[in-house]
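**Student:** Take this structure first; my questions come after.
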Amino acid sequence: MARVFYRRGIIETWGRGTIKITELTEQAGLVRPEFEESAGEVIVRFFPTGYVPPSRVSHDVTPLQQEILEFLAHAGPVRLSQIVEGLPSGTPERTVQDNLQLLRKLGLVDLKGYTRASRWMLKGMPL
């Protein structure tokens with residue numbers, strides 16, 4: 001990994017790399033990476049700036065399901081009709097509802113409330 005960073009010009013000499021990586025992520029407006037040293041190895045964790053929907057859970061997540069997850073990440077708790085309106089290509093409401101139920105079984109989304117008061121949201125998102 002160090003060789004890759006060196007060749008890309010991110011680090012110049014040993015000991016300077018962590019500082020330069022931190023500076024570059026801050027300049028790009030990203031969250032500072034986390035560095036961890038354990039048993040002679042160094043682990044660098046980079047964090048996304050927004051929600052990144054999974055592409056695989058216990059099976060592949062379809063492109064429509066990824067769009068639903070991205071919509072919920074930006075919109076917050078919303079009604080089914082709002083999700084249908086927010087998706088491209090006029091996806092039928094029943095198709096969206098079926099996909100939401102599958103995402104719910106996979107533990108990625110929650111449904112709070114009943115009938116007209118019900119709202120879909122990402123799992124763990126406050127109401």
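Starting from 1 in every chain, residues are counted up; chains themselves are A, B, ... following the order of the structure tokens, and ligands are numbered from 1 as listed.
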Any chance you could list, as a list in words, the residues in region 80-118 of chain A that come up strand (DSSP E) when DSSP is run on the backbone?

**Tutor:**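 Selecting the strand (DSSP E) positions of region 80-118 of chain A gives Val109, Asp110, Leu111 and Lys112 of chain A.
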
**Student:** Could you turn the residues from that selection into a file that holds N, CA and C atoms, as a PDB file, in the first residue's frame?

**Tutor:**
ATOM      1  N   VAL A 109     -34.334  -1.021   5.766  1.00  0.00           N
ATOM      2  CA  VAL A 109     -35.311   0.061   5.931  1.00  0.00           C
ATOM      3  C   VAL A 109     -36.314  -0.316   7.019  1.00  0.00           C
ATOM      4  N   ASP A 110     -36.980   0.702   7.547  1.00  0.00           N
ATOM      5  CA  ASP A 110     -38.031   0.538   8.556  1.00  0.00           C
ATOM      6  C   ASP A 110     -39.300   1.204   8.066  1.00  0.00           C
ATOM      7  N   LEU A 111     -40.415   0.743   8.588  1.00  0.00           N
ATOM      8  CA  LEU A 111     -41.707   1.364   8.342  1.00  0.00           C
ATOM      9  C   LEU A 111     -42.284   1.744   9.699  1.00  0.00           C
ATOM     10  N   LYS A 112     -42.572   3.025   9.877  1.00  0.00           N
ATOM     11  CA  LYS A 112     -43.135   3.520  11.133  1.00  0.00           C
ATOM     12  C   LYS A 112     -44.532   4.057  10.868  1.00  0.00           C
TER      13      LYS A 112
END

**Student:** Do you know which residues are at most 7 Å from Pro77 (chain A) counting only C-alpha atoms, after dropping those on the same chain fewer than 3 positions away, and could you put them as a list in words?

**Tutor:** Leu72, Arg119, Trp120, Met121 and Leu127 of chain A

**Student:** Please produce a file of those selected residues containing C-alpha atoms, as a PDB file, in the first residue's frame.

**Tutor:**
ATOM      1  CA  LEU A  72     -34.524   7.555   1.520  1.00  0.00           C
ATOM      2  CA  ARG A 119     -43.366   6.544   6.749  1.00  0.00           C
ATOM      3  CA  TRP A 120     -40.491   4.603   5.193  1.00  0.00           C
ATOM      4  CA  MET A 121     -36.940   5.370   6.331  1.00  0.00           C
ATOM      5  CA  LEU A 127     -38.340   9.764  12.918  1.00  0.00           C
TER       6      LEU A 127
END

**Student:** Near region 79-81 of chain A, counting only C-alpha atoms, which residues have an atom at most 12 Å away, once you skip same-chain residues fewer than 4 positions from it, shown as number ranges by chain?

**Tutor:** A: 68, 71-72, 75, 85-87, 90-101, 110-121
